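Colleague: My structure is below; once you've seen it, I'll send some questions.
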Amino acid sequence: MSDVNDTDMNDDGLSGEEDWGDEEFDAGLLEEELRQAAAVLDPVPAELQQIAVDAYALHDLDARVAELTFDSLVDALPVRGATDVPRMLTFRAGEVTVDVEVTARGLMGQVLPPQPARIEVLGGPRPGSPLTADDLGRFTGDVPLSGPFALRLRAGEDVVVTEWLRA
Amino acid sequence: MDRTDAGALVQAAADGDAGAWKALVEGLSPLVWSVVRAHRLSDADAHEVYQTAWFRFAQHLGRIREPGKAGAWLASTARHECLKVIRNSQRLTLTDDPRLLDRVSEDGTPEQSLLDSEEAAAQSERVRRLWQEFEELGERCRQLLRVLMATPPPSYQDVSAALGIAVGSIGPLRQRCLRRLRARLEARGAM
């Protein structure tokens, strides 16, 4: 932490556009002024910080976390001219894979290997809406997702929660 | 937040200590918020990215490989979510947010009532100018300074994770950006 306020003397190559030397200019002081200005003008909204405090409840020791291994926003090439392309996501926890397609109308997906499962859509303050995956592992939800969400799957004894994502 | 502190708090929170979690939130929340603000998202997107970072952090508690680097973990997660928002919307607004510039003249916060007293008026004007000049810096400098001004000051490792720039380039870039800001303030007779 303290290195932030050290005076940086290794400034070669950046000189020329401003005239004063380091001895006349206390960068740390100006940065501290900015810090105070930010605390007044752009602080963390209190209600937002409270949501982060409350997020401790999401710490779930019983569930395995299915990590995001594919996100079409990042991993797929954009389709030229296509609008309203569904967001394709793949999560993986061990041998269990969950493919999800998020559209404006809701979501559909499949659990692999194919198996029936109970699926809860977690999303901030909204109550989880339970979905059911059929024998082939397929499931659909017709409530549009917005904001941060995660899927909690219960298949037999196994509980898997997908990594939180922003829809 | 100190690495030793962060590591101990992450460990305690993972073991069930809600107070430790609260301390983590209080210590690292301004960093996460700064990262989000540095990327100039809309307020709604900013709030969602901030929440997503904390939800995921809570979810991964106890599985984080280097608990001492919790700040960098959060900063990096927030950055990646910001980049997704930008990529998804494809219309990053680069114009200044006038609401931020006007905020000093709004009522409400306790800090504001402090600023309202008459002897503080000059100071308030100075803060307003400082913020305005900061907002008008080039994008790279604005981003870096917005992250650096988190409370407590982030480590260079955290800043590196927040912005995807090499640790070694942060010091010189910081110096350069603060000089630029200083020059702008002097040009306006505000120093």
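Here, A, B, ... name the chains of the structure tokens in the order displayed, residue numbers run from 1 inside each chain, and ligands are numbered from 1 in the same displayed order.
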I'd like the contact shell of Thr97 (chain A) - 8 Å cut-off, only C-alpha atoms, skipping same-chain residues fewer than 2 positions apart - returned as a PDB file with C-alpha atoms, in the first residue's frame.

Modeller:
ATOM      1  CA  ALA A  66     -19.623 -24.464 -11.604  1.00  0.00           C
ATOM      2  CA  THR A  90     -21.235 -22.911 -20.361  1.00  0.00           C
ATOM      3  CA  PHE A  91     -20.488 -23.746 -16.741  1.00  0.00           C
ATOM      4  CA  ARG A  92     -18.552 -26.729 -15.494  1.00  0.00           C
ATOM      5  CA  ALA A  93     -18.119 -28.379 -12.104  1.00  0.00           C
ATOM      6  CA  GLY A  94     -16.206 -31.620 -12.346  1.00  0.00           C
ATOM      7  CA  GLU A  95     -18.074 -33.920 -14.715  1.00  0.00           C
ATOM      8  CA  ASP A  99     -25.197 -25.052 -21.054  1.00  0.00           C
ATOM      9  CA  VAL A 111     -27.520 -30.299 -17.878  1.00  0.00           C
ATOM     10  CA  LEU A 112     -24.915 -32.815 -19.047  1.00  0.00           C
ATOM     11  CA  PRO A 113     -24.625 -35.710 -18.592  1.00  0.00           C
TER      12      PRO A 113
END

Colleague: For Leu148 (chain B), find every residue with an atom within 12 Å (counting only C-alpha atoms), except residues of its own chain fewer than 3 positions away, and show them as a compact mmCIF listing (two decimals) with C-alpha atoms, in the first residue's frame.

Modeller:
# COMPACT_ATOMS: atom_id res chain seq x y z
CA MET A 1 0.00 0.00 0.00
CA ASP A 3 4.38 2.23 -2.39
CA VAL A 4 1.55 4.31 -3.81
CA ASN A 5 2.75 7.34 -1.97
CA ALA A 27 2.23 13.96 -6.48
CA GLY A 28 1.19 12.18 -3.31
CA LEU A 30 -2.49 15.87 -5.15
CA GLU A 31 -3.49 12.23 -5.17
CA GLU A 32 -4.63 12.53 -1.57
CA GLU A 33 -6.71 15.55 -2.51
CA LEU A 34 -8.34 13.51 -5.26
CA ARG A 35 -9.00 10.75 -2.75
CA GLN A 36 -10.82 13.16 -0.47
CA ALA A 38 -13.85 11.12 -4.48
CA PRO B 30 -14.16 1.62 -2.44
CA LEU B 31 -11.64 -0.21 -4.63
CA VAL B 32 -14.35 -2.18 -6.43
CA TRP B 33 -16.43 0.97 -6.84
CA SER B 34 -13.41 2.86 -8.20
CA VAL B 35 -12.76 0.15 -10.78
CA ARG B 37 -16.34 4.11 -12.03
CA ALA B 38 -13.07 4.11 -13.95
CA ALA B 75 -10.55 -5.66 -8.95
CA CYS B 141 -5.21 9.15 -17.01
CA ARG B 142 -8.78 9.45 -15.84
CA GLN B 143 -9.05 5.67 -15.47
CA LEU B 144 -5.78 5.31 -13.60
CA LEU B 145 -6.43 8.16 -11.20
CA THR B 151 -9.72 4.56 0.05
CA PRO B 152 -7.46 3.11 1.39
CA PRO B 153 -4.93 3.61 -1.43
CA PRO B 154 -4.77 0.41 -3.50
CA SER B 155 -1.52 -1.45 -4.00
CA TYR B 156 0.01 -1.40 -7.48
CA GLN B 157 -0.91 -5.09 -7.75
CA ASP B 158 -4.55 -4.15 -7.21
CA VAL B 159 -4.32 -1.33 -9.74
CA SER B 160 -2.69 -3.67 -12.23
CA ALA B 162 -8.12 -3.37 -12.05
CA LEU B 163 -6.87 -1.93 -15.32
CA ILE B 170 1.92 2.37 -13.02
CA GLY B 171 4.41 4.59 -11.17
CA LEU B 173 2.07 6.81 -15.60
CA ARG B 174 0.73 8.00 -12.25
CA GLN B 175 3.38 10.70 -12.05
CA CYS B 177 -1.13 11.96 -15.01
CA LEU B 178 -0.89 13.84 -11.75

Colleague: Let me make sure I understand: among B:Leu9, B:Ala53, B:Ala58, B:Leu137, which one has the smallest atom-to-atom distance to chain A if we use only C-alpha atoms?

Modeller: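 Closest residue, counting only C-alpha atoms: B:Ala58.
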
Colleague: Which residues are near Arg64 (chain A)? Cut-off 9 Å, only C-alpha atoms, ignore same chain within fewer than 5 positions. Put them as a list in words.

Modeller: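 Listing them by chain and then by number gives Ala93, Gly94, Asp158, Val159, Val160, Val161 and Thr162 of chain A.
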
Colleague: Residues of the last selection are to be written out with N, CA and C atoms, as an mmCIF file, in the first residue's frame.

Modeller:
data_model
loop_
_atom_site.group_PDB
_atom_site.id
_atom_site.type_symbol
_atom_site.label_atom_id
_atom_site.label_comp_id
_atom_site.auth_asym_id
_atom_site.auth_seq_id
_atom_site.Cartn_x
_atom_site.Cartn_y
_atom_site.Cartn_z
ATOM 1 N N ALA A 93 -18.586 -27.971 -13.436
ATOM 2 C CA ALA A 93 -18.119 -28.379 -12.104
ATOM 3 C C ALA A 93 -17.836 -29.864 -12.189
ATOM 4 N N GLY A 94 -16.563 -30.214 -12.207
ATOM 5 C CA GLY A 94 -16.206 -31.620 -12.346
ATOM 6 C C GLY A 94 -16.756 -32.184 -13.640
ATOM 7 N N ASP A 158 -26.318 -34.119 -5.316
ATOM 8 C CA ASP A 158 -25.358 -33.138 -5.778
ATOM 9 C C ASP A 158 -25.980 -31.744 -5.864
ATOM 10 N N VAL A 159 -25.321 -30.737 -5.292
ATOM 11 C CA VAL A 159 -25.765 -29.353 -5.448
ATOM 12 C C VAL A 159 -24.655 -28.555 -6.133
ATOM 13 N N VAL A 160 -25.015 -27.914 -7.224
ATOM 14 C CA VAL A 160 -24.050 -27.137 -7.998
ATOM 15 C C VAL A 160 -24.615 -25.737 -8.191
ATOM 16 N N VAL A 161 -23.789 -24.728 -7.970
ATOM 17 C CA VAL A 161 -24.213 -23.352 -8.232
ATOM 18 C C VAL A 161 -23.295 -22.761 -9.294
ATOM 19 N N THR A 162 -23.899 -22.155 -10.301
ATOM 20 C CA THR A 162 -23.068 -21.542 -11.343
ATOM 21 C C THR A 162 -22.477 -20.235 -10.821
#

Colleague: Do you know which residues are at most 10 Å from Pro67 (chain B) counting only C-alpha atoms, after dropping those on the same chain fewer than 6 positions away, and could you put them as a PDB file with C-alpha atoms, in the first residue's frame?

Modeller:
ATOM      1  CA  ARG B   3      -2.260  -8.253   2.309  1.00  0.00           C
ATOM      2  CA  THR B   4      -1.822  -9.842   5.706  1.00  0.00           C
ATOM      3  CA  ASP B   5      -5.069  -8.274   6.900  1.00  0.00           C
ATOM      4  CA  ALA B   6      -6.945  -9.280   3.760  1.00  0.00           C
ATOM      5  CA  GLY B   7      -5.650 -12.846   3.986  1.00  0.00           C
ATOM      6  CA  ALA B   8      -6.667 -13.182   7.638  1.00  0.00           C
ATOM      7  CA  LEU B   9     -10.109 -11.676   7.033  1.00  0.00           C
ATOM      8  CA  VAL B  10     -10.798 -13.921   4.033  1.00  0.00           C
ATOM      9  CA  GLN B  11      -9.811 -16.930   6.114  1.00  0.00           C
ATOM     10  CA  LEU B  61     -14.691 -17.597  -0.338  1.00  0.00           C
ATOM     11  CA  TRP B  73      -9.188 -10.724  -7.193  1.00  0.00           C
TER      12      TRP B  73
END

Colleague: Residues of chain A within 7 Å of chain B, using only C-alpha atoms, as a PyMOL selection string?

Modeller: chain A and resi 1+4+8+10-11+14+27+31+34-35+37-38+40-41+44+49+52-53+55-56+58-60+73+147-148+163-166

Colleague: What lies within 6 Å of Glu101 (chain A) using only C-alpha atoms, ignoring chain neighbours under 4 positions off, as a list in words?

Modeller: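 Here the answer would be Arg87, Met88, Leu107, Met108 and Gly109 of chain A.
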
Colleague: Grab the residues selected above and save them as a short mmCIF file (atom, residue, chain, number, x, y, z; two decimals), in the first residue's frame with N, CA and C atoms.

Modeller:
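Wrote it out as result19.cif, contents follow:
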data_model
loop_
_atom_site.label_atom_id
_atom_site.label_comp_id
_atom_site.auth_asym_id
_atom_site.auth_seq_id
_atom_site.Cartn_x
_atom_site.Cartn_y
_atom_site.Cartn_z
N ARG A 87 -27.22 -14.99 -25.64
CA ARG A 87 -25.96 -15.14 -24.92
C ARG A 87 -25.80 -16.61 -24.57
N MET A 88 -24.70 -17.20 -25.00
CA MET A 88 -24.45 -18.61 -24.74
C MET A 88 -23.42 -18.73 -23.62
N LEU A 107 -34.64 -18.00 -20.40
CA LEU A 107 -33.46 -18.82 -20.61
C LEU A 107 -33.86 -20.24 -20.93
N MET A 108 -32.96 -20.94 -21.62
CA MET A 108 -33.13 -22.38 -21.80
C MET A 108 -31.75 -23.00 -21.67
N GLY A 109 -31.75 -24.27 -21.34
CA GLY A 109 -30.45 -24.88 -21.13
C GLY A 109 -30.52 -26.38 -21.01
#

Colleague: One decimal, Å: what's the distance from CA of Arg118 (chain A) over to CA of Pro130 (chain A), could you say?

Modeller: 6.8 Å

Colleague: Could you list, as an NGL selection string, every residue within 12 Å of Leu145 (chain A), counting only C-alpha atoms and ignoring same-chain residues fewer than 6 positions away?

Modeller: :A and (87 or 101-108 or 121-124 or 126 or 128-129 or 151 or 165-167)
